[in-house]
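Asker: Sharing a structure with you now.
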Amino acid sequence: MKNNNYNLKDFANDQEIKWCPGCGDYSILKQVQSILPNIGISKEKIVFISGIGCSSRFPYYMNTYGMHSIHGRATAVATGLKSSRPDLNVWVITGDGDSLSIGGNHLIHLLRRNLDLNILLFNNEIYGLTKGQYSPTSELGKTTKSTPLGSIDNPFNPISLSLGADASFIARAIDREPKHMRQILIEANNHRGTSLIEIYQNCNIFNDGAFSKFTNKDFKKNNSIYLENNKPLIFGDENDKGIKLDGIDPLIVDLNDKNISVEDLWIHDQKSIEKANILSRFSDINYNYSKFPRPFGIFFQKKRKCYEDEMLNQINFNFTEDDLNKLIAGDLSWNIK
Amino acid sequence: MKNNNYNLKDFANDQEIKWCPGCGDYSILKQVQSILPNIGISKEKIVFISGIGCSSRFPYYMNTYGMHSIHGRATAVATGLKSSRPDLNVWVITGDGDSLSIGGNHLIHLLRRNLDLNILLFNNEIYGLTKGQYSPTSELGKTTKSTPLGSIDNPFNPISLSLGADASFIARAIDREPKHMRQILIEANNHRGTSLIEIYQNCNIFNDGAFSKFTNKDFKKNNSIYLENNKPLIFGDENDKGIKLDGIDPLIVDLNDKNISVEDLWIHDQKSIEKANILSRFSDINYNYSKFPRPFGIFFQKKRKCYEDEMLNQINFNFTEDDLNKLIAGDLSWNIK
Amino acid sequence: MSKIKKTLDNVTILFAGDSGDGIQLAGGQFTNNTAFYGNDLSTLPDFPAEIRAPIGTLAGVSGFQINFGSKVFTPGDNCDVLVAMNAASLKKNINKLRERGIIILNTSGFDKRNMRLAKIPDSDDPFDNFDLKNFIVHKIDITKLTRERLQNTDLEKKEIDRCKNMFVLGFIYWIFNRSINSTIIFLEQKFYNNKNILNANISVLKAGYNYGDTSETFSSRFDVKPRKMKKGSYRNILGNQAICLALVSASYKSKLDLFYSGYPITPASDILHQLSKYKSFGVRTFQAEDEISAICSAIGASFGGNLAVTASSGPGMALKTEALGLVFMLELPLIIINVQRGGPSTGLPTKTEQSDLLQAVYGRNGEAPIPVFAPSSPSDCFLVTYNACKIALKFMTPVIILSDGYIANGAEPWNFPVITDLEDFEYEFKKLKFSEKFNPYLRNENFVRNWAIPGTKDLEHTIGGLEKDNDSGDVSYEPENHQLMVKIRQAKVNNISNFIPDQKFSSGSTNSDMIIISWGSTYGVIQSSINELKKNGYDIAHIHINYIVPLPKNIEDILKYFEIILVPEINNGQLIKIIRDKFLVNAIPLNKIMGIPFNSHEIVNKVKSLLN
Amino acid sequence: MSKIKKTLDNVTILFAGDSGDGIQLAGGQFTNNTAFYGNDLSTLPDFPAEIRAPIGTLAGVSGFQINFGSKVFTPGDNCDVLVAMNAASLKKNINKLRERGIIILNTSGFDKRNMRLAKIPDSDDPFDNFDLKNFIVHKIDITKLTRERLQNTDLEKKEIDRCKNMFVLGFIYWIFNRSINSTIIFLEQKFYNNKNILNANISVLKAGYNYGDTSETFSSRFDVKPRKMKKGSYRNILGNQAICLALVSASYKSKLDLFYSGYPITPASDILHQLSKYKSFGVRTFQAEDEISAICSAIGASFGGNLAVTASSGPGMALKTEALGLVFMLELPLIIINVQRGGPSTGLPTKTEQSDLLQAVYGRNGEAPIPVFAPSSPSDCFLVTYNACKIALKFMTPVIILSDGYIANGAEPWNFPVITDLEDFEYEFKKLKFSEKFNPYLRNENFVRNWAIPGTKDLEHTIGGLEKDNDSGDVSYEPENHQLMVKIRQAKVNNISNFIPDQKFSSGSTNSDMIIISWGSTYGVIQSSINELKKNGYDIAHIHINYIVPLPKNIEDILKYFEIILVPEINNGQLIKIIRDKFLVNAIPLNKIMGIPFNSHEIVNKVKSLLN
Ligand SMILES: Cc1ncc(C[n+]2csc(CCOP(=O)(O)OP(=O)(O)O)c2C)c(N)n1
Ligand SMILES: Cc1ncc(C[n+]2csc(CCOP(=O)(O)OP(=O)(O)O)c2C)c(N)n1
Ligand code: SF4
Ligand code: SF4
Ligand SMILES: [Mg+2]
Ligand SMILES: [Mg+2]
């Protein structure tokens, strides 16, 4: 649905972009600017709300409405904006520190409330803007400015956490797969309810190569799996590996094995919370899934009532001045003459 | 393991208890006071840290060390205390508002870090101390002081949320089943790592009967299921119902049916994150599990490194004054004579 | 039997009993009746700190004090009549009764159990334990009389006993020569679906009233003079109620939707409760997950073009600090209400205090001046809140309103306005004029920037908490620009002093012997102290400051007429710091930090000591 | 070729270039060398606000200024020597050079591309765009000379170009007649596992040095007089470093484990970074999920008997407000460090400011006085932090330390102590004496309560944020008790003034013409201004306040000798409010709010205008 004959440039502005050369943020900016012309919403109705961090400078580079708020609170600001202005198309831009460290609480509350907006979580597994401390998604043992002997905090699994918080749309994308990212962005925007997209983003200054497993041509296909609804789980260099469910336990199978057929494979079902929970643990070292590929795409999607609609349902704007005068007068008033 | 010949009274003090008569908090207090004499820890090593709320007055009634801190922050205070004093036995006392509304972030971070302490989450599905507003666990549509037309916030499922946050011990108990609660308290305390126990607690003033489904003799057995490790999932008035796993889908089965045998039932396995995730959704109206009984007992338990141990591992206390003088002098110093 | 009638100027009654005794309800009923009768009045409820403190204990005592008459400023220092439903309530309150005051005792509340719970030593006659000789004591077995009255009903004992408060109320109505009809109407509404309970309550109410007529108890009944009030419509109002009504009115007059976001906290919660009942007036209320989310969501709503409001108290206000800095930098309108309570930290949640003033004025990182207004009484909350909305919108600024627990829960008659008489709002949403270049930080003659809300074509822009260039509105770290912006933002707030009323004298004049400066809920007690002092020949000037940041322009002019300047506050001295700093005058503090308001004798004594 | 040697008192050099040019490293090396040489010195780094601002642009300019000589108070107002590696760095800094100052230009940094990036109009000779006639200009093609020197190595071009800064450094060493050895040692450590890079750097360093000898560039070399320092051991120190060393030392001397908890924020993060390297000194560091958790976990650690510390800046400090109230009520020791930056809100994160003073003093709900100390220079951070720990433990109180970005990142020589010479700590963990009744809020003669830590037998107790009874320590809502407790807590803080040094004059005496009052990082510039003024015959007194809450007892005595009182601050006037309020003196503000320190001429001019 093309509208107003927008193109990518209509969403860019003349601000100098201040990210480091080579930063993964550029790709995300570009993909967002690419899909907006086609979502059928006029530019002035689109708002980007961010917290603080490198990623959170994003709104400055968009030719839409925006707010660069304070660290961790974009989700809260967006909640107030969307619930009072359901007509707007609202996007939250946040980093792994912004959303999962200081802003963790507002994030999970937004997910449970399910306002119709889109959260783009730029996960670079590091604090960029403050120059390289570990974040809640940094892997165990990581040495950073604040962990010279290696980090000892078990990292969050953002997908599992979101599932636990009852998110109604959860997906993962990566800066180096622009086409896939665009597709996910569009689906997220189409979803009515809060859409969370975790986007792997390379910080080439403080955490270069954090996601090279999933971007390096030599092994990315073995390390990642791209989810498609109603399609079997297949991955590998030659699309030669599959995943099967043995009862409740997933198994990696070799599709070259003649005893295995594609029909036996796990069919991705975005509606299944049970499957989404298992998928979210793929490649998680905590749970014997370390050999499994990292999934990209939509993990889970569910129709659920949106907070702002329910709020509106309870409200009545058609009152008269007289009603208001009565409210002020209360049940018991008297006149002095 | 009985120690110091303590008994319940050693853990009570002379403070006047200020909960409403009939409040479920009394039972929890009593069960805690009952198990402490037997955990093999001297009284002076035990500390209770709470936030703010009716429940959070708990430390005042314990003859141990305690801190009644500020709203939502008991988990953060306890993190600092336990990581710097691993020798102490630390308990966090918190309410559903305290831990899941204002304190949600510290809670999930504590769970992922996995300090060895016990969190007792008194869930009465209401704000008691502030006199009856809805809480993040109040059911949809609930009318309270702040929701005269019914609440529109999808409530958290505390067990699912904790699983998503990588908690290493998750259990549920209820004020009216004291024996079961004591057993869970003991297991939680034995677990090395953060133990979260959600305890259903009746607030007879502002939310009376919230859990009557699970306490009323007439139907509690049909509405609840008590989990025991390595035992099949059986419930019902006559222990006549069971739960079976059909692939990834749980089914309620009738044990009177001759085609069903106890051997076919789902065997509870505290180590299984996959099963715990499904269990956590039992009776959750969001996920087609509304007909399932509410589980009580230990959902999940996992061995994982404790934060304070890892912290200690990196630290060296055996330095000399000379080392310190060298540190102060730095790499490049000079003398003026 | 006919009795003597006396006419009085003012009376203070204190209803006291266990928190289960229905004291607040009886007090509230008497208040409405009194207001209707035309008395001026002021009330002070005193709740126990616990939800349900143990029955019969001192901690469980609930009190409701009302002062009413021809001219009333406070709920009264001492009371003329004390109703004590049990031993604990007498023990706790007996020191508040004036000499020759009247005590009405419910004798069955003084049985052994009640005496033990109130921690009073055992003795044959329970009343031996109290020094009652200076009072006029009326012992009535209210419990027994109530039970007798209802013995032929189907009610359970618990239900019967719960009607006791109606007996007291009826009896008090009789003493003050009132009609019981307003309460009958109230009961009919409250119990419309439970006729048994309704009838029981009415029956006991009448019993209490008749008891006055038939018993030998009182030798006189009292008429209390109504206030000569100016023409108009009146109702009773609590401070928190007045705030809510002002917000709804401001929303209507400004044509902006009201967005209220809050997290429950005593004594601010009632604002959330009440506004959430106003959904039929286009009001959105949001119970946020914490106070940070409360203010941030309100900021989001303000960005979207709503009249956005948040309220809290002590610890919750502290949590809003960072976001207050943000909204200050964004220059968006926002109303932040602090219903102050006893601090610091969790402090004394159910008690009143004025100790968050310096936090409101100075408590942010960086140079972030925010207007601070303070109402002086429950009804004044309406005007101050309404004006705060006007200033916030006209000047694109957050405004902090400092109320307190005493104002929030106190009642007084209010000459309420009709909507058409309320002042109009001055603000506009920016629309782009042809070929104009848009900059969100372009300012008008009052230094006020553009409010361009999402949805407006061609005004797309991003704002944030970083310093921005005065010309372009873009982020700027330029040294000179920062200084310029700090000065402009300060000038904008200072300039508001041109749009608030000049400071007026509440009493006295430039010729008076000395001046009292006050703010917030101390207004009433200072006025009544000054009246008392006037009777003794003292001429005391009084200015009560509603607008603290910025101060009215003429304060310096006023102060130069006075050598003695007294600043009474319910804190350890806060406004006085601002006064001394600004005007270099040797103002003298009078502080009370007990979680309760001043008594007028405390003010009177201080004034006398200064003047003698 | 031999050249003339000149001896100077003081020199200021500003190294400037693109942030990729290694400016900070060269500056740091020169600083260490200079310190070693025995000069007094002061430095000011100026980072770009962005992580990697676009190469060649104005936003990408990185600067490092050092003032060194026989007596130095500040990094210097104007500089004598400016090194400009590219066009943008010259454009940005040329106005800082004094008349007849020396400019060293890297000519290849002025090619068309660089000129365009610096937004300088095109012209044949790029230098036509600058007004250079009043300066001594040395154009050197540093890039080319570096490349030539390394043409026979295996290094890539990028790696070669990165050695440019060594050329500059070598050249500057030559000008100031220094040995290059300290930098060779440094390079050997830094690149010990990459010999190629090591050799390249050393080679270019030497090339730069030799260039001075062989070229005709300079007609004179300079000797800068060393400072006459008192006997002792010296090192260079940054403010944040000094804080860390003080904390580790205090931990050792007090025999308490150090628990540091923080959340990254500029410019406080380095405290976290550095302390996390001190795990071998028994230090626990905790990167919390936010600032609320940072302070709350530190409170937990303090409750457990640790020396607990947290640090932050602007927005993060705001978030700690509520918990500050808690720890105040708990009366537990805690060190809270605020490394101030430009505000309000996110403000100017990489710039310096003194605008959080009033927040530190007043920014809490309720009456919650907390001691506030402020260091005056990088090395002073050690003493102030050490003393803050002493006071916190002796008085069971939180103490706020106000540093700022300028102190945090500035360097100066420090006469460092040995551990044995540091003062001992006075505090004790409560142990129960036989048959004593324990109350955690029982106080000693200094109003200090008992510190009884978990693990101590028979002292089990619970503390919290509610008001507590003075006698029993139990929760209490009693009016009189609350007032008593507020007064006691205030008295405890006031009493600390008996345990801090009396205010001394930094310059002048009671006979001086006027007095300057200052605090924090303005110390140096005010001292150098006063020295300059002295040369002009002015006698100016100066008191620099390190202890702001409570103030030293003798300040009132000092002030009464002066009619003119000037209070310069890097904010819009904050300390001055406290001075005016407390002492009712008509102190005059001098404010600069540009995110950068004062220049001495700004102070000098103001003083002159006041005295003429
Ligand atoms: C209240 C507060 N605390 C700390 C900071 C400092 N700070 C700015 S961004 C940031 C974290 C950035 O990490 P992330 O959110 O992952 O964003 P990235 O820069 O990696 O995109 C921090 C700690 C701040 N601005 N405000
Ligand atoms: C910062 C702050 N915000 C709000 C409050 C008010 N408050 C006290 S307890 C509470 C919630 C209580 O609910 P819960 O945690 O469920 O405990 P319960 O009383 O039900 O046991 C609130 C909102 C506070 N004390 N501090
Ligand atoms: S520091 Fe990292 S995340 Fe930030 S702009 Fe640079 S590359 Fe991107
Ligand atoms: S209000 Fe509810 S939770 Fe609180 S003490 Fe009373 S019954 Fe218990
Ligand atoms: Mg990041
Ligand atoms: Mg609760």
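Letters A, B, ... mark the chains of the structure tokens in the order given; residue numbers begin at 1 per chain; ligand numbers begin at 1, in order shown.
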For chain A, which residues have at least one atom within 6 Å of chain C, if we go by only C-alpha atoms? Write them as an mmCIF file with N, CA, C and O atoms, in the first residue's frame, please.
Answerer:
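For reference, out.cif as written:
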data_model
loop_
_atom_site.group_PDB
_atom_site.id
_atom_site.type_symbol
_atom_site.label_atom_id
_atom_site.label_comp_id
_atom_site.auth_asym_id
_atom_site.auth_seq_id
_atom_site.Cartn_x
_atom_site.Cartn_y
_atom_site.Cartn_z
ATOM 1 N N GLU A 44 3.243 12.760 9.022
ATOM 2 C CA GLU A 44 3.040 13.540 10.245
ATOM 3 C C GLU A 44 2.361 12.732 11.352
ATOM 4 O O GLU A 44 2.257 13.201 12.480
ATOM 5 N N LYS A 45 1.928 11.528 10.995
ATOM 6 C CA LYS A 45 1.301 10.688 12.023
ATOM 7 C C LYS A 45 2.304 9.724 12.661
ATOM 8 O O LYS A 45 1.933 8.927 13.525
ATOM 9 N N TYR A 60 16.555 11.619 15.652
ATOM 10 C CA TYR A 60 17.089 12.846 15.063
ATOM 11 C C TYR A 60 17.258 12.712 13.553
ATOM 12 O O TYR A 60 17.312 13.711 12.842
ATOM 13 N N THR A 64 10.328 12.683 10.824
ATOM 14 C CA THR A 64 8.999 12.444 11.384
ATOM 15 C C THR A 64 8.989 13.151 12.738
ATOM 16 O O THR A 64 9.962 13.815 13.089
ATOM 17 N N TYR A 65 7.932 12.975 13.482
ATOM 18 C CA TYR A 65 7.970 13.462 14.861
ATOM 19 C C TYR A 65 8.829 12.535 15.693
ATOM 20 O O TYR A 65 8.930 11.330 15.395
ATOM 21 N N GLY A 66 9.452 13.096 16.721
ATOM 22 C CA GLY A 66 10.290 12.251 17.542
ATOM 23 C C GLY A 66 10.593 12.850 18.899
ATOM 24 O O GLY A 66 10.460 14.059 19.114
ATOM 25 N N MET A 67 10.951 11.980 19.819
ATOM 26 C CA MET A 67 11.452 12.438 21.108
ATOM 27 C C MET A 67 12.617 11.572 21.566
ATOM 28 O O MET A 67 12.515 10.350 21.614
ATOM 29 N N HIS A 68 13.707 12.242 21.873
ATOM 30 C CA HIS A 68 14.906 11.613 22.441
ATOM 31 C C HIS A 68 14.767 11.837 23.933
ATOM 32 O O HIS A 68 15.078 12.913 24.440
ATOM 33 N N SER A 69 14.217 10.867 24.637
ATOM 34 C CA SER A 69 13.807 11.126 26.026
ATOM 35 C C SER A 69 14.954 10.862 26.999
ATOM 36 O O SER A 69 16.048 11.366 26.790
ATOM 37 N N ALA A 76 7.883 4.083 28.465
ATOM 38 C CA ALA A 76 6.877 4.758 29.297
ATOM 39 C C ALA A 76 6.330 5.985 28.577
ATOM 40 O O ALA A 76 5.119 6.231 28.578
ATOM 41 N N VAL A 77 7.210 6.749 27.952
ATOM 42 C CA VAL A 77 6.755 7.927 27.210
ATOM 43 C C VAL A 77 5.805 7.488 26.095
ATOM 44 O O VAL A 77 4.725 8.060 25.905
ATOM 45 N N ALA A 78 6.191 6.436 25.400
ATOM 46 C CA ALA A 78 5.374 5.957 24.290
ATOM 47 C C ALA A 78 4.016 5.456 24.780
ATOM 48 O O ALA A 78 3.002 5.623 24.103
ATOM 49 N N THR A 79 3.998 4.861 25.961
ATOM 50 C CA THR A 79 2.730 4.384 26.528
ATOM 51 C C THR A 79 1.760 5.546 26.723
ATOM 52 O O THR A 79 0.581 5.450 26.386
ATOM 53 N N GLY A 80 2.275 6.642 27.246
ATOM 54 C CA GLY A 80 1.408 7.814 27.437
ATOM 55 C C GLY A 80 0.974 8.413 26.120
ATOM 56 O O GLY A 80 -0.185 8.819 25.959
ATOM 57 N N LEU A 81 1.897 8.453 25.179
ATOM 58 C CA LEU A 81 1.561 9.056 23.886
ATOM 59 C C LEU A 81 0.521 8.219 23.151
ATOM 60 O O LEU A 81 -0.501 8.737 22.701
ATOM 61 N N SER A 84 -3.011 8.066 24.691
ATOM 62 C CA SER A 84 -3.795 9.297 24.565
ATOM 63 C C SER A 84 -3.955 9.717 23.109
ATOM 64 O O SER A 84 -4.778 10.576 22.811
ATOM 65 N N ILE A 315 -14.247 5.479 27.933
ATOM 66 C CA ILE A 315 -14.336 6.930 28.012
ATOM 67 C C ILE A 315 -15.484 7.479 27.190
ATOM 68 O O ILE A 315 -15.805 6.957 26.121
ATOM 69 N N ASN A 316 -16.064 8.521 27.704
ATOM 70 C CA ASN A 316 -17.121 9.198 26.970
ATOM 71 C C ASN A 316 -16.751 10.662 26.826
ATOM 72 O O ASN A 316 -16.473 11.339 27.814
ATOM 73 N N PHE A 317 -16.715 11.115 25.596
ATOM 74 C CA PHE A 317 -16.362 12.512 25.367
ATOM 75 C C PHE A 317 -17.591 13.384 25.150
ATOM 76 O O PHE A 317 -17.482 14.588 25.037
ATOM 77 N N ASN A 325 -21.098 21.195 35.066
ATOM 78 C CA ASN A 325 -21.551 22.054 36.162
ATOM 79 C C ASN A 325 -22.147 21.220 37.292
ATOM 80 O O ASN A 325 -21.941 21.512 38.465
ATOM 81 N N SER A 333 -25.486 20.618 47.467
ATOM 82 C CA SER A 333 -25.040 22.010 47.417
ATOM 83 C C SER A 333 -26.183 22.906 47.866
ATOM 84 O O SER A 333 -27.319 22.461 47.969
ATOM 85 N N TRP A 334 -25.868 24.138 48.167
ATOM 86 C CA TRP A 334 -26.899 25.054 48.636
ATOM 87 C C TRP A 334 -26.592 26.461 48.165
ATOM 88 O O TRP A 334 -25.467 26.756 47.775
ATOM 89 N N ASN A 335 -27.618 27.276 48.209
ATOM 90 C CA ASN A 335 -27.464 28.633 47.712
ATOM 91 C C ASN A 335 -27.585 29.654 48.813
ATOM 92 O O ASN A 335 -28.430 29.547 49.687
ATOM 93 N N ILE A 336 -26.711 30.610 48.759
ATOM 94 C CA ILE A 336 -26.851 31.768 49.644
ATOM 95 C C ILE A 336 -27.322 32.920 48.765
ATOM 96 O O ILE A 336 -26.720 33.182 47.725
ATOM 97 N N LYS A 337 -28.394 33.556 49.189
ATOM 98 C CA LYS A 337 -28.924 34.625 48.320
ATOM 99 C C LYS A 337 -28.721 35.994 48.925
ATOM 100 O O LYS A 337 -28.424 36.144 50.085
#
Asker: Around ligand 2, which protein and nucleic acid residues have at least one atom no more than 6 Å from it, if we count only C-alpha atoms and all ligand atoms? List them as a list in words.
Answerer: Ile52, Gly53, Cys54, Ser55, His71, Gly95, Asp96, Gly97, Asp98, Asn124, Ile126, Tyr127, Gly128, Leu129 and Thr130 of chain B; Pro264, Ile265, Pro315 and Gly316 of chain C
Asker: Could you turn the residues from that selection into a file that holds N, CA and C atoms, as an mmCIF file, in the first residue's frame?
Answerer:
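Here's the written file result-v7.cif:
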data_model
loop_
_atom_site.group_PDB
_atom_site.id
_atom_site.type_symbol
_atom_site.label_atom_id
_atom_site.label_comp_id
_atom_site.auth_asym_id
_atom_site.auth_seq_id
_atom_site.Cartn_x
_atom_site.Cartn_y
_atom_site.Cartn_z
ATOM 1 N N ILE B 52 7.978 -2.003 50.522
ATOM 2 C CA ILE B 52 6.883 -1.327 51.216
ATOM 3 C C ILE B 52 5.572 -1.975 50.784
ATOM 4 N N GLY B 53 4.703 -2.146 51.733
ATOM 5 C CA GLY B 53 3.408 -2.794 51.513
ATOM 6 C C GLY B 53 3.035 -3.468 52.815
ATOM 7 N N CYS B 54 1.806 -3.968 52.894
ATOM 8 C CA CYS B 54 1.430 -4.689 54.122
ATOM 9 C C CYS B 54 2.418 -5.811 54.367
ATOM 10 N N SER B 55 2.636 -6.614 53.334
ATOM 11 C CA SER B 55 3.533 -7.756 53.421
ATOM 12 C C SER B 55 4.921 -7.344 53.890
ATOM 13 N N HIS B 71 9.891 1.187 48.488
ATOM 14 C CA HIS B 71 8.974 0.442 47.634
ATOM 15 C C HIS B 71 9.687 -0.105 46.390
ATOM 16 N N GLY B 95 5.615 -7.770 48.033
ATOM 17 C CA GLY B 95 4.234 -7.951 47.602
ATOM 18 C C GLY B 95 4.137 -7.957 46.081
ATOM 19 N N ASP B 96 2.955 -8.191 45.574
ATOM 20 C CA ASP B 96 2.787 -8.223 44.115
ATOM 21 C C ASP B 96 2.996 -6.838 43.517
ATOM 22 N N GLY B 97 2.628 -5.801 44.252
ATOM 23 C CA GLY B 97 2.906 -4.458 43.760
ATOM 24 C C GLY B 97 4.380 -4.138 43.895
ATOM 25 N N ASP B 98 4.904 -4.465 45.039
ATOM 26 C CA ASP B 98 6.296 -4.152 45.344
ATOM 27 C C ASP B 98 7.260 -4.828 44.362
ATOM 28 N N ASN B 124 -1.348 -11.040 46.744
ATOM 29 C CA ASN B 124 -2.774 -10.947 47.107
ATOM 30 C C ASN B 124 -3.579 -10.290 45.987
ATOM 31 N N ILE B 126 -3.631 -7.426 44.827
ATOM 32 C CA ILE B 126 -4.199 -6.106 45.180
ATOM 33 C C ILE B 126 -3.115 -5.297 45.890
ATOM 34 N N TYR B 127 -3.308 -3.995 45.922
ATOM 35 C CA TYR B 127 -2.483 -3.149 46.789
ATOM 36 C C TYR B 127 -3.184 -3.060 48.134
ATOM 37 N N GLY B 128 -2.604 -3.703 49.141
ATOM 38 C CA GLY B 128 -3.210 -3.669 50.454
ATOM 39 C C GLY B 128 -2.961 -2.350 51.163
ATOM 40 N N LEU B 129 -1.711 -2.015 51.342
ATOM 41 C CA LEU B 129 -1.354 -0.879 52.192
ATOM 42 C C LEU B 129 -1.959 0.430 51.705
ATOM 43 N N THR B 130 -2.059 0.616 50.410
ATOM 44 C CA THR B 130 -2.641 1.860 49.906
ATOM 45 C C THR B 130 -4.150 1.732 49.723
ATOM 46 N N PRO C 264 -0.335 4.706 42.980
ATOM 47 C CA PRO C 264 -0.964 4.956 44.273
ATOM 48 C C PRO C 264 0.042 5.322 45.372
ATOM 49 N N ILE C 265 -0.285 6.310 46.132
ATOM 50 C CA ILE C 265 0.509 6.660 47.309
ATOM 51 C C ILE C 265 -0.323 7.597 48.185
ATOM 52 N N PRO C 315 8.083 9.947 48.689
ATOM 53 C CA PRO C 315 9.004 9.070 47.964
ATOM 54 C C PRO C 315 8.725 9.047 46.462
ATOM 55 N N GLY C 316 7.482 9.144 46.100
ATOM 56 C CA GLY C 316 7.124 9.132 44.689
ATOM 57 C C GLY C 316 7.581 10.386 43.967
#
Asker: In Å, rounded to a single decimal, give me how far atom CA of D:Ile335 is from atom CA of D:Lys577.
Answerer: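 These two atoms are separated by 24.9 Å.
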Asker: Would you list the contacts of C:Ile407 as a ChimeraX atom specification, taking every protein, DNA or RNA residue within 8 Å and counting only C-alpha atoms, but skipping same-chain residues closer than 3 positions in sequence?
Answerer: /C:238-240,376-378,403-404,410-411,521
Asker: For the residues selected in the previous step, produce a file with N, CA and C atoms as a CSV table (one decimal), in the first residue's frame.
Answerer:
chain,number,residue,atom,x,y,z
C,238,LEU,N,-13.3,18.7,49.6
C,238,LEU,CA,-12.0,18.3,50.1
C,238,LEU,C,-10.9,18.7,49.1
C,239,GLY,N,-9.7,18.9,49.6
C,239,GLY,CA,-8.6,19.4,48.7
C,239,GLY,C,-8.4,18.6,47.5
C,240,ASN,N,-8.3,17.2,47.7
C,240,ASN,CA,-8.1,16.4,46.5
C,240,ASN,C,-9.2,16.4,45.5
C,376,SER,N,-3.9,27.2,49.6
C,376,SER,CA,-3.9,27.4,51.0
C,376,SER,C,-5.0,26.7,51.8
C,377,SER,N,-5.9,26.1,51.1
C,377,SER,CA,-7.0,25.5,51.8
C,377,SER,C,-7.7,24.5,50.8
C,378,PRO,N,-8.6,23.6,51.3
C,378,PRO,CA,-9.2,22.7,50.3
C,378,PRO,C,-9.9,23.4,49.1
C,403,SER,N,0.4,20.6,47.5
C,403,SER,CA,-0.7,20.5,48.5
C,403,SER,C,-0.1,19.8,49.7
C,404,ASP,N,-1.0,19.4,50.6
C,404,ASP,CA,-0.5,18.5,51.7
C,404,ASP,C,-1.6,17.7,52.2
C,410,GLY,N,-9.0,17.6,54.3
C,410,GLY,CA,-9.8,18.5,55.0
C,410,GLY,C,-11.0,19.0,54.2
C,411,ALA,N,-12.1,19.4,54.8
C,411,ALA,CA,-13.2,19.9,54.1
C,411,ALA,C,-13.5,21.3,54.5
C,521,SER,N,-0.9,25.1,53.8
C,521,SER,CA,-2.1,24.9,54.6
C,521,SER,C,-2.1,25.6,55.9
Asker: Counting only C-alpha atoms, which residues of chain C come no farther than 7 Å from chain D, as a ChimeraX atom specification?
Answerer: /C:314-315,318-319,321-322,325-326,329,342-348,355-356,358-359,362-368,465-467,477,479-480,482-483,572,577,580-581,584-585,593-595
Asker: Please provide as a PyMOL selection string all residues within 7 Å of stretch 169-179 of chain B, with the sequence filter that same-chain residues fewer than 5 positions apart are discarded (counting only C-alpha atoms).
Answerer: chain B and resi 24+27-28+31+159+194-201+215+296-302
